Amino acid sequence: MCVISGMVFHREPVLPLISARPDQVERVLKARFHDAMTKLHPQGKELDLLIVILPDNNGTLYGDVKRICETDLGIVSQCWQNDNKQVQLLALRMQFGHSIMG
């Protein structure tokens, strides 16, 4: 479905996955965004989506992530709560996406 719609997904993330403490979210998001853009710009590409797995149901952290991504960085973000079912669902979706692409 995604490929038919013209969306291109890569098997590997642009940067390796990391974790950070909630009090570091702004600094880490901005640094990672800068690192990703530094890697992508020479290839004529841009970062289109950032997936964030939140440690718990922390409303302020969710709001901070959304504000920083959408207002400060101008990027779409998708947040997931870190319970086993959500993470497993994310893994299945990513695996399904890889299956579609071959």
# chains A, B, ... in the order shown; residues from 1 in each chain; ligands from 1
>>> residues_around(residues="A:Val52", least_positions_apart="6", cutoff="9 Å", atoms="only C-alpha atoms", output="NGL selection string")
:A and (65 or 77-81)
>>> select_by_dssp(residues="stretch 52-82 of chain A", states="helix (DSSP H, G or I)", output="MDAnalysis selection string")
chainID A and resid 59:73
>>> residues_around(residues="A:Asp64", least_positions_apart="5", cutoff="12 Å", atoms="only C-alpha atoms", output="ChimeraX atom specification")
/A:22-27,29,52,54,58-59,69-72,77,79
>>> atom_distance(atom1="atom CA of A:Phe33", atom2="atom CA of A:Ile18")
12.6 Å
>>> closest_residue(among="A:Lys30, A:Leu50, A:Gly74, A:Leu40", to="A:Leu17", atoms="only C-alpha atoms")
A:Leu50
>>> select_by_dssp(residues="stretch 11-89 of chain A", states="strand (DSSP E or B)", output="MDAnalysis selection string")
chainID A and resid 49:54 76:81
>>> residues_around(residues="A:Glu46", least_positions_apart="2", cutoff="12 Å", atoms="only C-alpha atoms", output="MDAnalysis selection string")
chainID A and resid 14 33:44 48:50 74:76
>>> atom_distance(atom1="atom CA of A:Pro13", atom2="atom CA of A:Arg67")
22.4 Å
>>> atom_distance(atom1="atom CA of A:Tyr62", atom2="atom CA of A:Lys45")
27.0 Å
